[in-house]
file upload_14.pdb (PDB, C-alpha atoms, pLDDT in the B column)
MODEL        1
ATOM      1  CA  MET J  20       7.330  -3.198   9.428  1.00 92.00           C
ATOM      2  CA  THR J  21       7.500  -6.132   7.010  1.00 98.00           C
ATOM      3  CA  THR J  22       4.150  -6.859   5.354  1.00 98.00           C
ATOM      4  CA  THR J  23       3.460 -10.457   4.347  1.00 98.00           C
ATOM      5  CA  LEU J  24       0.651 -12.134   2.431  1.00 98.00           C
ATOM      6  CA  ILE J  25       0.082 -15.870   2.812  1.00 98.00           C
ATOM      7  CA  THR J  26      -2.372 -17.571   0.473  1.00 98.00           C
ATOM      8  CA  GLY J  27      -4.555 -20.364   1.844  1.00 96.00           C
ATOM      9  CA  ALA J  28      -3.693 -19.338   5.390  1.00 96.00           C
ATOM     10  CA  ASN J  29      -6.909 -19.906   7.326  1.00 96.00           C
ATOM     11  CA  LYS J  30      -5.717 -23.341   8.545  1.00 93.00           C
ATOM     12  CA  GLY J  31      -2.883 -25.851   8.534  1.00 93.00           C
ATOM     13  CA  LEU J  32       0.594 -24.921   7.388  1.00 94.00           C
ATOM     14  CA  GLY J  33      -0.434 -21.481   6.173  1.00 96.00           C
ATOM     15  CA  TYR J  34      -2.016 -20.656   9.522  1.00 96.00           C
ATOM     16  CA  GLU J  35       1.039 -21.790  11.476  1.00 96.00           C
ATOM     17  CA  THR J  36       3.313 -19.799   9.170  1.00 98.00           C
ATOM     18  CA  ALA J  37       1.141 -16.739   9.765  1.00 98.00           C
ATOM     19  CA  ARG J  38       1.266 -17.269  13.517  1.00 97.00           C
ATOM     20  CA  ARG J  39       5.048 -17.495  13.496  1.00 97.00           C
ATOM     21  CA  LEU J  40       5.516 -14.423  11.316  1.00 98.00           C
ATOM     22  CA  VAL J  41       3.109 -12.351  13.391  1.00 98.00           C
ATOM     23  CA  ALA J  42       5.165 -13.384  16.426  1.00 97.00           C
ATOM     24  CA  VAL J  43       8.365 -11.990  14.886  1.00 97.00           C
ATOM     25  CA  GLY J  44       6.737  -8.692  14.002  1.00 97.00           C
ATOM     26  CA  HIS J  45       5.368  -9.073  10.477  1.00 98.00           C
ATOM     27  CA  ARG J  46       2.084  -7.490   9.514  1.00 98.00           C
ATOM     28  CA  VAL J  47       0.396 -10.533   8.017  1.00 98.00           C
ATOM     29  CA  TYR J  48      -2.480 -10.851   5.591  1.00 98.00           C
ATOM     30  CA  ILE J  49      -4.432 -14.098   5.785  1.00 98.00           C
ATOM     31  CA  GLY J  50      -5.517 -14.905   2.241  1.00 98.00           C
ATOM     32  CA  SER J  51      -8.515 -17.241   2.215  1.00 97.00           C
ATOM     33  CA  ARG J  52     -11.308 -18.098  -0.204  1.00 96.00           C
ATOM     34  CA  ASP J  53     -13.602 -18.798   2.781  1.00 96.00           C
ATOM     35  CA  PRO J  54     -14.491 -15.420   4.332  1.00 96.00           C
ATOM     36  CA  GLY J  55     -15.735 -16.853   7.631  1.00 97.00           C
ATOM     37  CA  ARG J  56     -12.689 -19.007   8.269  1.00 96.00           C
ATOM     38  CA  GLY J  57     -10.351 -16.333   6.996  1.00 97.00           C
ATOM     39  CA  ARG J  58     -11.710 -13.648   9.297  1.00 97.00           C
ATOM     40  CA  ARG J  59     -11.703 -15.952  12.315  1.00 97.00           C
ATOM     41  CA  ALA J  60      -8.121 -16.992  11.631  1.00 97.00           C
ATOM     42  CA  ALA J  61      -6.995 -13.394  11.210  1.00 98.00           C
ATOM     43  CA  GLU J  62      -8.761 -12.261  14.373  1.00 97.00           C
ATOM     44  CA  GLY J  63      -7.243 -15.113  16.360  1.00 96.00           C
ATOM     45  CA  LEU J  64      -3.719 -14.242  15.238  1.00 97.00           C
ATOM     46  CA  GLY J  65      -3.844 -10.468  15.239  1.00 97.00           C
ATOM     47  CA  ALA J  66      -3.495 -10.545  11.461  1.00 98.00           C
ATOM     48  CA  ARG J  67      -5.524  -9.035   8.621  1.00 98.00           C
ATOM     49  CA  PHE J  68      -7.919 -10.895   6.352  1.00 98.00           C
ATOM     50  CA  VAL J  69      -8.102 -10.483   2.598  1.00 98.00           C
ATOM     51  CA  PRO J  70     -10.530 -12.526   0.445  1.00 98.00           C
ATOM     52  CA  LEU J  71      -8.414 -14.484  -2.014  1.00 98.00           C
ATOM     53  CA  ASP J  72      -9.250 -17.410  -4.278  1.00 98.00           C
ATOM     54  CA  VAL J  73      -6.148 -18.231  -6.301  1.00 98.00           C
ATOM     55  CA  THR J  74      -8.248 -19.889  -9.023  1.00 98.00           C
ATOM     56  CA  ASP J  75     -10.177 -16.673  -9.744  1.00 98.00           C
ATOM     57  CA  ASP J  76      -8.610 -13.737 -11.597  1.00 98.00           C
ATOM     58  CA  ALA J  77     -11.075 -11.183 -10.233  1.00 98.00           C
ATOM     59  CA  SER J  78     -10.527 -12.346  -6.649  1.00 98.00           C
ATOM     60  CA  VAL J  79      -6.743 -12.163  -6.973  1.00 98.00           C
ATOM     61  CA  ASP J  80      -6.838  -8.737  -8.600  1.00 98.00           C
ATOM     62  CA  ALA J  81      -9.179  -7.414  -5.897  1.00 98.00           C
ATOM     63  CA  ALA J  82      -6.859  -8.741  -3.197  1.00 98.00           C
ATOM     64  CA  ALA J  83      -3.892  -7.003  -4.804  1.00 98.00           C
ATOM     65  CA  ARG J  84      -5.780  -3.711  -4.905  1.00 98.00           C
ATOM     66  CA  ALA J  85      -6.774  -4.069  -1.242  1.00 98.00           C
ATOM     67  CA  VAL J  86      -3.202  -4.780  -0.109  1.00 98.00           C
ATOM     68  CA  GLU J  87      -1.860  -1.944  -2.257  1.00 98.00           C
ATOM     69  CA  ALA J  88      -4.359   0.512  -0.783  1.00 97.00           C
ATOM     70  CA  ASP J  89      -3.286  -0.548   2.706  1.00 95.00           C
ATOM     71  CA  GLY J  90       0.384   0.171   2.137  1.00 95.00           C
ATOM     72  CA  GLY J  91       1.984  -2.477  -0.077  1.00 96.00           C
ATOM     73  CA  LEU J  92       3.750  -5.823   0.268  1.00 98.00           C
ATOM     74  CA  ASP J  93       7.218  -7.143   1.114  1.00 98.00           C
ATOM     75  CA  VAL J  94       6.789 -10.921   1.378  1.00 98.00           C
ATOM     76  CA  LEU J  95       4.529 -13.285  -0.562  1.00 98.00           C
ATOM     77  CA  VAL J  96       4.062 -16.891   0.545  1.00 98.00           C
ATOM     78  CA  ASN J  97       2.336 -18.968  -2.132  1.00 98.00           C
ATOM     79  CA  ASN J  98       0.912 -21.605   0.186  1.00 97.00           C
ATOM     80  CA  ALA J  99      -2.563 -22.385  -1.204  1.00 97.00           C
ATOM     81  CA  GLY J 100      -2.657 -25.868  -2.703  1.00 96.00           C
ATOM     82  CA  VAL J 101      -4.558 -29.103  -3.233  1.00 95.00           C
ATOM     83  CA  GLU J 102      -3.449 -32.711  -3.653  1.00 91.00           C
ATOM     84  CA  GLY J 103      -6.521 -34.027  -5.433  1.00 85.00           C
ATOM     85  CA  ARG J 104      -7.169 -37.062  -3.242  1.00 83.00           C
ATOM     86  CA  LEU J 105     -10.142 -39.373  -3.681  1.00 81.00           C
ATOM     87  CA  SER J 106     -13.184 -38.829  -1.465  1.00 73.00           C
ATOM     88  CA  GLY J 107     -12.078 -41.730   0.721  1.00 74.00           C
ATOM     89  CA  GLY J 108      -8.675 -40.167   1.296  1.00 74.00           C
ATOM     90  CA  GLY J 109      -6.624 -42.308  -1.098  1.00 83.00           C
ATOM     91  CA  VAL J 110      -4.352 -41.141  -3.903  1.00 89.00           C
ATOM     92  CA  ARG J 111      -5.325 -41.763  -7.534  1.00 90.00           C
ATOM     93  CA  GLY J 112      -2.967 -44.060  -9.381  1.00 90.00           C
ATOM     94  CA  ALA J 113      -1.671 -43.294 -12.860  1.00 90.00           C
ATOM     95  CA  GLU J 114      -4.428 -45.272 -14.585  1.00 92.00           C
ATOM     96  CA  GLU J 115      -7.126 -43.396 -12.666  1.00 91.00           C
ATOM     97  CA  GLU J 116      -5.957 -39.906 -13.509  1.00 93.00           C
ATOM     98  CA  THR J 117      -7.710 -37.971 -16.262  1.00 95.00           C
ATOM     99  CA  ALA J 118      -7.090 -34.612 -17.884  1.00 97.00           C
ATOM    100  CA  ASP J 119      -9.810 -33.169 -15.652  1.00 96.00           C
ATOM    101  CA  THR J 120      -8.423 -34.503 -12.362  1.00 95.00           C
ATOM    102  CA  VAL J 121      -4.900 -33.399 -13.221  1.00 97.00           C
ATOM    103  CA  GLY J 122      -6.132 -30.065 -14.534  1.00 97.00           C
ATOM    104  CA  ALA J 123      -7.983 -29.302 -11.305  1.00 96.00           C
ATOM    105  CA  VAL J 124      -4.759 -29.655  -9.313  1.00 97.00           C
ATOM    106  CA  LEU J 125      -2.725 -27.621 -11.775  1.00 98.00           C
ATOM    107  CA  GLU J 126      -5.354 -24.865 -11.705  1.00 98.00           C
ATOM    108  CA  THR J 127      -4.721 -24.239  -8.019  1.00 98.00           C
ATOM    109  CA  ASN J 128      -1.101 -25.267  -7.524  1.00 98.00           C
ATOM    110  CA  VAL J 129       0.453 -23.890 -10.705  1.00 98.00           C
ATOM    111  CA  LEU J 130      -1.840 -21.371 -12.381  1.00 98.00           C
ATOM    112  CA  GLY J 131      -2.757 -20.064  -8.945  1.00 98.00           C
ATOM    113  CA  VAL J 132       0.889 -19.180  -8.336  1.00 98.00           C
ATOM    114  CA  VAL J 133       1.104 -17.464 -11.726  1.00 98.00           C
ATOM    115  CA  ARG J 134      -2.081 -15.454 -11.063  1.00 98.00           C
ATOM    116  CA  VAL J 135      -0.900 -14.308  -7.663  1.00 98.00           C
ATOM    117  CA  MET J 136       2.614 -13.491  -8.865  1.00 98.00           C
ATOM    118  CA  HIS J 137       1.305 -11.472 -11.812  1.00 98.00           C
ATOM    119  CA  ALA J 138      -1.049  -9.455  -9.607  1.00 98.00           C
ATOM    120  CA  PHE J 139       1.347  -8.818  -6.726  1.00 98.00           C
ATOM    121  CA  LEU J 140       4.660  -8.308  -8.548  1.00 98.00           C
ATOM    122  CA  PRO J 141       4.038  -4.560  -8.974  1.00 98.00           C
ATOM    123  CA  LEU J 142       3.681  -4.282  -5.178  1.00 98.00           C
ATOM    124  CA  LEU J 143       6.739  -6.412  -4.474  1.00 98.00           C
ATOM    125  CA  ARG J 144       8.842  -4.327  -6.862  1.00 98.00           C
ATOM    126  CA  ARG J 145       8.280  -1.320  -4.590  1.00 97.00           C
ATOM    127  CA  SER J 146       9.579  -3.139  -1.522  1.00 98.00           C
ATOM    128  CA  PRO J 147      13.202  -2.525  -0.488  1.00 97.00           C
ATOM    129  CA  ALA J 148      13.624  -6.273   0.234  1.00 97.00           C
ATOM    130  CA  PRO J 149      11.015  -8.334  -1.654  1.00 98.00           C
ATOM    131  CA  VAL J 150      10.733 -12.049  -0.898  1.00 98.00           C
ATOM    132  CA  VAL J 151       8.651 -14.854  -2.418  1.00 98.00           C
ATOM    133  CA  VAL J 152       8.331 -18.337  -0.916  1.00 98.00           C
ATOM    134  CA  ASN J 153       6.647 -20.996  -3.044  1.00 98.00           C
ATOM    135  CA  LEU J 154       5.368 -24.091  -1.273  1.00 98.00           C
ATOM    136  CA  SER J 155       6.755 -27.098  -3.103  1.00 98.00           C
ATOM    137  CA  SER J 156       7.170 -30.709  -1.969  1.00 97.00           C
ATOM    138  CA  GLY J 157       9.734 -33.463  -1.784  1.00 96.00           C
ATOM    139  CA  LEU J 158       7.584 -35.119  -4.453  1.00 97.00           C
ATOM    140  CA  ALA J 159       8.685 -32.367  -6.855  1.00 98.00           C
ATOM    141  CA  SER J 160      12.237 -33.725  -6.963  1.00 98.00           C
ATOM    142  CA  MET J 161      12.984 -35.839 -10.039  1.00 98.00           C
ATOM    143  CA  ALA J 162      16.057 -37.208  -8.245  1.00 97.00           C
ATOM    144  CA  ARG J 163      13.974 -38.427  -5.319  1.00 97.00           C
ATOM    145  CA  MET J 164      11.061 -39.699  -7.378  1.00 97.00           C
ATOM    146  CA  THR J 165      13.383 -41.854  -9.484  1.00 97.00           C
ATOM    147  CA  THR J 166      15.212 -43.440  -6.545  1.00 97.00           C
ATOM    148  CA  PRO J 167      13.783 -46.954  -5.928  1.00 97.00           C
ATOM    149  CA  GLY J 168      13.103 -47.995  -2.366  1.00 96.00           C
ATOM    150  CA  THR J 169      12.157 -44.520  -1.141  1.00 94.00           C
ATOM    151  CA  PRO J 170       8.740 -43.198  -0.070  1.00 93.00           C
ATOM    152  CA  PHE J 171       8.966 -40.700  -2.923  1.00 94.00           C
ATOM    153  CA  HIS J 172       9.416 -43.424  -5.527  1.00 96.00           C
ATOM    154  CA  ALA J 173       6.451 -45.308  -4.055  1.00 95.00           C
ATOM    155  CA  TYR J 174       4.009 -42.396  -4.396  1.00 94.00           C
ATOM    156  CA  PRO J 175       1.452 -43.445  -7.042  1.00 93.00           C
ATOM    157  CA  GLY J 176      -0.109 -40.135  -8.045  1.00 94.00           C
ATOM    158  CA  ILE J 177       0.593 -37.931 -11.047  1.00 96.00           C
ATOM    159  CA  ALA J 178      -1.167 -34.629 -10.493  1.00 96.00           C
ATOM    160  CA  TYR J 179       0.420 -33.425  -7.252  1.00 96.00           C
ATOM    161  CA  PRO J 180       4.089 -34.229  -8.079  1.00 97.00           C
ATOM    162  CA  LEU J 181       3.603 -32.743 -11.535  1.00 98.00           C
ATOM    163  CA  SER J 182       2.170 -29.549 -10.072  1.00 98.00           C
ATOM    164  CA  LYS J 183       4.952 -29.110  -7.545  1.00 98.00           C
ATOM    165  CA  ASN J 184       7.634 -29.881 -10.122  1.00 98.00           C
ATOM    166  CA  ALA J 185       6.096 -27.066 -12.156  1.00 98.00           C
ATOM    167  CA  VAL J 186       6.213 -24.805  -9.091  1.00 98.00           C
ATOM    168  CA  ASN J 187       9.953 -25.484  -8.891  1.00 98.00           C
ATOM    169  CA  MET J 188      10.357 -24.437 -12.520  1.00 98.00           C
ATOM    170  CA  LEU J 189       8.299 -21.301 -11.920  1.00 98.00           C
ATOM    171  CA  THR J 190      10.551 -20.513  -8.970  1.00 98.00           C
ATOM    172  CA  VAL J 191      13.706 -20.803 -11.065  1.00 98.00           C
ATOM    173  CA  GLN J 192      12.349 -18.740 -13.943  1.00 98.00           C
ATOM    174  CA  TYR J 193      10.918 -15.973 -11.767  1.00 98.00           C
ATOM    175  CA  ALA J 194      14.177 -15.812  -9.812  1.00 98.00           C
ATOM    176  CA  LYS J 195      16.202 -15.397 -13.007  1.00 98.00           C
ATOM    177  CA  ALA J 196      13.839 -12.733 -14.322  1.00 98.00           C
ATOM    178  CA  LEU J 197      13.688 -10.824 -11.024  1.00 98.00           C
ATOM    179  CA  PRO J 198      17.201 -10.888  -9.511  1.00 98.00           C
ATOM    180  CA  GLN J 199      16.358  -8.066  -7.086  1.00 97.00           C
ATOM    181  CA  MET J 200      13.943 -10.436  -5.289  1.00 98.00           C
ATOM    182  CA  ARG J 201      14.628 -13.491  -3.137  1.00 98.00           C
ATOM    183  CA  ILE J 202      12.419 -16.209  -4.678  1.00 98.00           C
ATOM    184  CA  ASN J 203      12.688 -19.793  -3.427  1.00 98.00           C
ATOM    185  CA  ALA J 204      10.745 -23.057  -3.289  1.00 98.00           C
ATOM    186  CA  VAL J 205      10.479 -24.987  -0.035  1.00 98.00           C
ATOM    187  CA  ASP J 206       9.575 -28.533   0.948  1.00 96.00           C
ATOM    188  CA  PRO J 207       7.945 -28.449   4.395  1.00 95.00           C
ATOM    189  CA  GLY J 208       7.999 -32.243   4.645  1.00 86.00           C
ATOM    190  CA  TYR J 209       5.121 -34.694   4.963  1.00 77.00           C
ATOM    191  CA  VAL J 210       2.999 -32.518   7.222  1.00 76.00           C
ATOM    192  CA  ARG J 211      -0.300 -33.590   8.778  1.00 71.00           C
ATOM    193  CA  THR J 212      -2.890 -31.317   7.166  1.00 71.00           C
ATOM    194  CA  ASP J 213      -6.261 -31.542   5.454  1.00 70.00           C
ATOM    195  CA  LEU J 214      -4.416 -31.503   2.117  1.00 72.00           C
ATOM    196  CA  ASN J 215      -3.251 -35.107   2.640  1.00 70.00           C
ATOM    197  CA  ALA J 216      -6.231 -36.212   4.769  1.00 65.00           C
ATOM    198  CA  ASN J 217      -3.997 -35.815   7.847  1.00 70.00           C
ATOM    199  CA  THR J 218      -1.821 -38.776   6.867  1.00 67.00           C
ATOM    200  CA  GLY J 219       1.436 -36.856   7.288  1.00 60.00           C
ATOM    201  CA  THR J 220       4.096 -37.658   9.853  1.00 61.00           C
ATOM    202  CA  ALA J 221       5.309 -34.139  10.700  1.00 69.00           C
ATOM    203  CA  SER J 222       3.510 -31.411  12.631  1.00 82.00           C
ATOM    204  CA  VAL J 223       2.594 -28.051  11.156  1.00 82.00           C
ATOM    205  CA  GLU J 224       5.056 -26.510  13.594  1.00 91.00           C
ATOM    206  CA  GLU J 225       7.857 -28.600  12.095  1.00 92.00           C
ATOM    207  CA  GLY J 226       6.726 -27.935   8.541  1.00 90.00           C
ATOM    208  CA  ALA J 227       6.478 -24.179   8.986  1.00 93.00           C
ATOM    209  CA  GLU J 228      10.106 -23.868  10.110  1.00 95.00           C
ATOM    210  CA  VAL J 229      11.618 -23.757   6.626  1.00 97.00           C
ATOM    211  CA  VAL J 230       8.822 -21.542   5.297  1.00 98.00           C
ATOM    212  CA  VAL J 231       9.372 -18.985   8.042  1.00 98.00           C
ATOM    213  CA  ARG J 232      13.131 -19.129   7.571  1.00 97.00           C
ATOM    214  CA  LEU J 233      12.965 -18.379   3.854  1.00 98.00           C
ATOM    215  CA  ALA J 234      10.236 -15.764   4.348  1.00 98.00           C
ATOM    216  CA  GLN J 235      12.812 -13.821   6.354  1.00 97.00           C
ATOM    217  CA  ALA J 236      15.566 -14.076   3.751  1.00 96.00           C
ATOM    218  CA  GLY J 237      17.596 -10.907   3.511  1.00 95.00           C
ATOM    219  CA  PRO J 238      18.950  -9.206   0.360  1.00 95.00           C
ATOM    220  CA  ASP J 239      22.022 -11.450   0.516  1.00 96.00           C
ATOM    221  CA  GLY J 240      19.974 -14.620   0.991  1.00 97.00           C
ATOM    222  CA  PRO J 241      19.529 -17.401  -1.563  1.00 98.00           C
ATOM    223  CA  THR J 242      17.300 -17.123  -4.603  1.00 98.00           C
ATOM    224  CA  GLY J 243      16.178 -19.595  -7.236  1.00 98.00           C
ATOM    225  CA  GLY J 244      16.696 -22.472  -4.794  1.00 98.00           C
ATOM    226  CA  TYR J 245      14.775 -25.498  -3.522  1.00 98.00           C
ATOM    227  CA  PHE J 246      15.138 -26.171   0.196  1.00 98.00           C
ATOM    228  CA  ASP J 247      13.917 -28.178   3.142  1.00 96.00           C
ATOM    229  CA  ILE J 248      14.790 -27.617   6.784  1.00 95.00           C
ATOM    230  CA  ASP J 249      18.197 -29.265   6.303  1.00 95.00           C
ATOM    231  CA  GLY J 250      19.292 -27.281   3.254  1.00 97.00           C
ATOM    232  CA  ALA J 251      19.263 -27.470  -0.534  1.00 98.00           C
ATOM    233  CA  LEU J 252      17.390 -30.332  -2.211  1.00 98.00           C
ATOM    234  CA  PRO J 253      18.182 -32.156  -5.457  1.00 97.00           C
ATOM    235  CA  TRP J 254      16.041 -31.071  -8.377  1.00 97.00           C
TER
ENDMDL
END
call {"tool": "encode", "arguments": {"input": "upload_14.pdb", "output": "C-alpha cells"}}
result
Amino acid sequence: MTTTLITGANKGLGYETARRLVAVGHRVYIGSRDPGRGRRAAEGLGARFVPLDVTDDASVDAAARAVEADGGLDVLVNNAGVEGRLSGGGVRGAEEETADTVGAVLETNVLGVVRVMHAFLPLLRRSPAPVVVNLSSGLASMARMTTPGTPFHAYPGIAYPLSKNAVNMLTVQYAKALPQMRINAVDPGYVRTDLNANTGTASVEEGAEVVVRLAQAGPDGPTGGYFDIDGALPW
C-alpha cells in the first residue's frame, strides 16, 4: 500500500487531496499543527493523524520519527502554506510589505518545505517509488507575472509570489539532486480556501485534481516540472 503524508491537510485543498488519495487506496497521514482539527479530519476520512507544524524543527522531526516507526513513506505532499493577507482579507501592496511580513510567509512556504524535505528524505529514499508534490501557484511564474493585462500581472503582493517562486526553485534543485524520485511543483489554480479568504474562483475538488495526479506519478513520470491541470507551465 502506498503511504502518503500531506502537510496542512486538516482543511481545504489538503483535506480534499487526502480524501481523494484515501479513495484510491493510499494510507494517508493528515499533517496538522492543530491537534483537534487534525484528528477530526483524519477520523472523518479514515486517515491517520500526525502532529506537524512545518515552522518548528522539533515538530517536524517528531512527525518523521512517528511515520518511520509506523512503516515509512512513499509520497510527500508539501501543501501547508500561508498567503499573508491583511486582517480584513486584502493583499498587502509592495509599499506595505516589510521584512517581517515577507519573512513570516517565507518561514512557512519555503523554509517549511526545506524542513519537511530534510526530515522525510531518509524515509522516501527507502521507498521503491518515492514521489514529492510541492504546492506552488500560478503567481510563481515569472512569465505570467510579467505579462500585462493578466490577473497574474495585476496581483499586488510580494511575499506570496516570492515564496512560491522559491518553491519552484526548490523543486528543480531537489529533482536534480534526487533523480530516483519524482519531484514536481503544481499550480492548483485560484481555489476558494481560507488561505485567500475564500476569494478564489475554483473549488477544492477542481484544485486537487492536479495534486492527486502528480501524487500518483510512476517511476517513468515527470520530475523537476511545474504543472497545472492542463500540463506544463512557463517558469
call {"tool": "atom_distance", "arguments": {"input": "upload_14.pdb", "atom1": "CA of Thr22 in chain J", "atom2": "CA of Met188 in chain J"}}
result
25.8 Å
call {"tool": "resolve_selection", "arguments": {"input": "upload_14.pdb", "expression": "the PyMOL selection byres ((chain J and resi 59) around 12)", "output": "JSON, numbers by chain"}}
result
{"J": [28, 29, 30, 34, 49, 50, 51, 53, 54, 55, 56, 57, 58, 60, 61, 62, 63, 64, 65, 66, 67, 68, 69]}
call {"tool": "write_last_selection", "arguments": {"input": "upload_14.pdb", "atoms": "C-alpha atoms", "output": "compact mmCIF listing (two decimals), keeping the file's coordinate frame"}}
result
# COMPACT_ATOMS: atom_id res chain seq x y z
CA ALA J 28 -3.69 -19.34 5.39
CA ASN J 29 -6.91 -19.91 7.33
CA LYS J 30 -5.72 -23.34 8.54
CA TYR J 34 -2.02 -20.66 9.52
CA ILE J 49 -4.43 -14.10 5.78
CA GLY J 50 -5.52 -14.90 2.24
CA SER J 51 -8.52 -17.24 2.22
CA ASP J 53 -13.60 -18.80 2.78
CA PRO J 54 -14.49 -15.42 4.33
CA GLY J 55 -15.74 -16.85 7.63
CA ARG J 56 -12.69 -19.01 8.27
CA GLY J 57 -10.35 -16.33 7.00
CA ARG J 58 -11.71 -13.65 9.30
CA ALA J 60 -8.12 -16.99 11.63
CA ALA J 61 -7.00 -13.39 11.21
CA GLU J 62 -8.76 -12.26 14.37
CA GLY J 63 -7.24 -15.11 16.36
CA LEU J 64 -3.72 -14.24 15.24
CA GLY J 65 -3.84 -10.47 15.24
CA ALA J 66 -3.50 -10.54 11.46
CA ARG J 67 -5.52 -9.04 8.62
CA PHE J 68 -7.92 -10.90 6.35
CA VAL J 69 -8.10 -10.48 2.60
call {"tool": "residues_around", "arguments": {"input": "upload_14.pdb", "residues": "Thr242 in chain J", "least_positions_apart": "5", "cutoff": "6 Å", "atoms": "all atoms listed in the file", "output": "number ranges by chain"}}
result
J: 201-203
call {"tool": "resolve_selection", "arguments": {"input": "upload_14.pdb", "expression": "the PyMOL selection byres ((chain J and resi 241) around 12)", "output": "list in words"}}
result
Val150, Val151, Val152, Val191, Ala194, Pro198, Gln199, Met200, Arg201, Ile202, Asn203, Ala204, Val205, Arg232, Leu233, Ala234, Gln235, Ala236, Gly237, Pro238, Asp239, Gly240, Thr242, Gly243, Gly244, Tyr245, Phe246, Gly250 and Ala251 of chain J
call {"tool": "atom_distance", "arguments": {"input": "upload_14.pdb", "atom1": "CA of Lys195 in chain J", "atom2": "CA of Thr23 in chain J"}}
result
22.1 Å
call {"tool": "closest_residue", "arguments": {"input": "upload_14.pdb", "among": "J:Ala99, J:Val47, J:Leu92, J:Pro180", "to": "Arg145 in chain J", "atoms": "only C-alpha atoms"}}
result
J:Leu92
call {"tool": "atom_distance", "arguments": {"input": "upload_14.pdb", "atom1": "CA of Pro207 in chain J", "atom2": "CA of Ala185 in chain J"}}
result
16.7 Å
call {"tool": "residues_around", "arguments": {"input": "upload_14.pdb", "residues": "range 169-173 of chain J", "least_positions_apart": "2", "cutoff": "9 Å", "atoms": "only C-alpha atoms", "output": "PyMOL selection string"}}
result
chain J and resi 157-158+160+163-167+175
call {"tool": "resolve_selection", "arguments": {"input": "upload_14.pdb", "expression": "the PyMOL selection byres ((chain J and resi 76) around 12)", "output": "compact mmCIF listing (two decimals) with C-alpha atoms, in the frame of the given file"}}
result
# COMPACT_ATOMS: atom_id res chain seq x y z
CA LEU J 71 -8.41 -14.48 -2.01
CA ASP J 72 -9.25 -17.41 -4.28
CA VAL J 73 -6.15 -18.23 -6.30
CA THR J 74 -8.25 -19.89 -9.02
CA ASP J 75 -10.18 -16.67 -9.74
CA ALA J 77 -11.08 -11.18 -10.23
CA SER J 78 -10.53 -12.35 -6.65
CA VAL J 79 -6.74 -12.16 -6.97
CA ASP J 80 -6.84 -8.74 -8.60
CA ALA J 81 -9.18 -7.41 -5.90
CA ALA J 82 -6.86 -8.74 -3.20
CA ALA J 83 -3.89 -7.00 -4.80
CA GLU J 126 -5.35 -24.86 -11.70
CA THR J 127 -4.72 -24.24 -8.02
CA LEU J 130 -1.84 -21.37 -12.38
CA GLY J 131 -2.76 -20.06 -8.94
CA VAL J 132 0.89 -19.18 -8.34
CA VAL J 133 1.10 -17.46 -11.73
CA ARG J 134 -2.08 -15.45 -11.06
CA VAL J 135 -0.90 -14.31 -7.66
CA MET J 136 2.61 -13.49 -8.86
CA HIS J 137 1.30 -11.47 -11.81
CA ALA J 138 -1.05 -9.46 -9.61
call {"tool": "residues_near_point", "arguments": {"input": "upload_14.pdb", "point": "(3.0, -19.5, -2.1)", "cutoff": "7 Å", "atoms": "all atoms listed in the file", "output": "list in words"}}
result
Ile25, Thr26, Leu95, Val96, Asn97, Asn98, Ala99, Val132, Val152, Asn153 and Leu154 of chain J
call {"tool": "write_last_selection", "arguments": {"input": "upload_14.pdb", "atoms": "C-alpha atoms", "output": "tab-separated table (two decimals), in the frame of the given file"}}
result
chain	number	residue	atom	x	y	z
J	25	ILE	CA	0.08	-15.87	2.81
J	26	THR	CA	-2.37	-17.57	0.47
J	95	LEU	CA	4.53	-13.28	-0.56
J	96	VAL	CA	4.06	-16.89	0.55
J	97	ASN	CA	2.34	-18.97	-2.13
J	98	ASN	CA	0.91	-21.60	0.19
J	99	ALA	CA	-2.56	-22.38	-1.20
J	132	VAL	CA	0.89	-19.18	-8.34
J	152	VAL	CA	8.33	-18.34	-0.92
J	153	ASN	CA	6.65	-21.00	-3.04
J	154	LEU	CA	5.37	-24.09	-1.27
call {"tool": "closest_residue", "arguments": {"input": "upload_14.pdb", "among": "J:Tyr179, J:Thr190, J:Arg144, J:Gly112", "to": "Val124 in chain J", "atoms": "only C-alpha atoms"}}
result
J:Tyr179
call {"tool": "closest_residue", "arguments": {"input": "upload_14.pdb", "among": "J:Trp254, J:Tyr48, J:Tyr174, J:Tyr209", "to": "Gly91 in chain J", "atoms": "all atoms listed in the file"}}
result
J:Tyr48
call {"tool": "closest_residue", "arguments": {"input": "upload_14.pdb", "among": "J:Val210, J:Leu24, J:Ala118, J:Met161", "to": "Glu228 in chain J", "atoms": "all atoms listed in the file"}}
result
J:Val210
call {"tool": "closest_residue", "arguments": {"input": "upload_14.pdb", "among": "J:Ala178, J:Leu142, J:Val41, J:Ala159", "to": "Glu115 in chain J", "atoms": "only C-alpha atoms"}}
result
J:Ala178
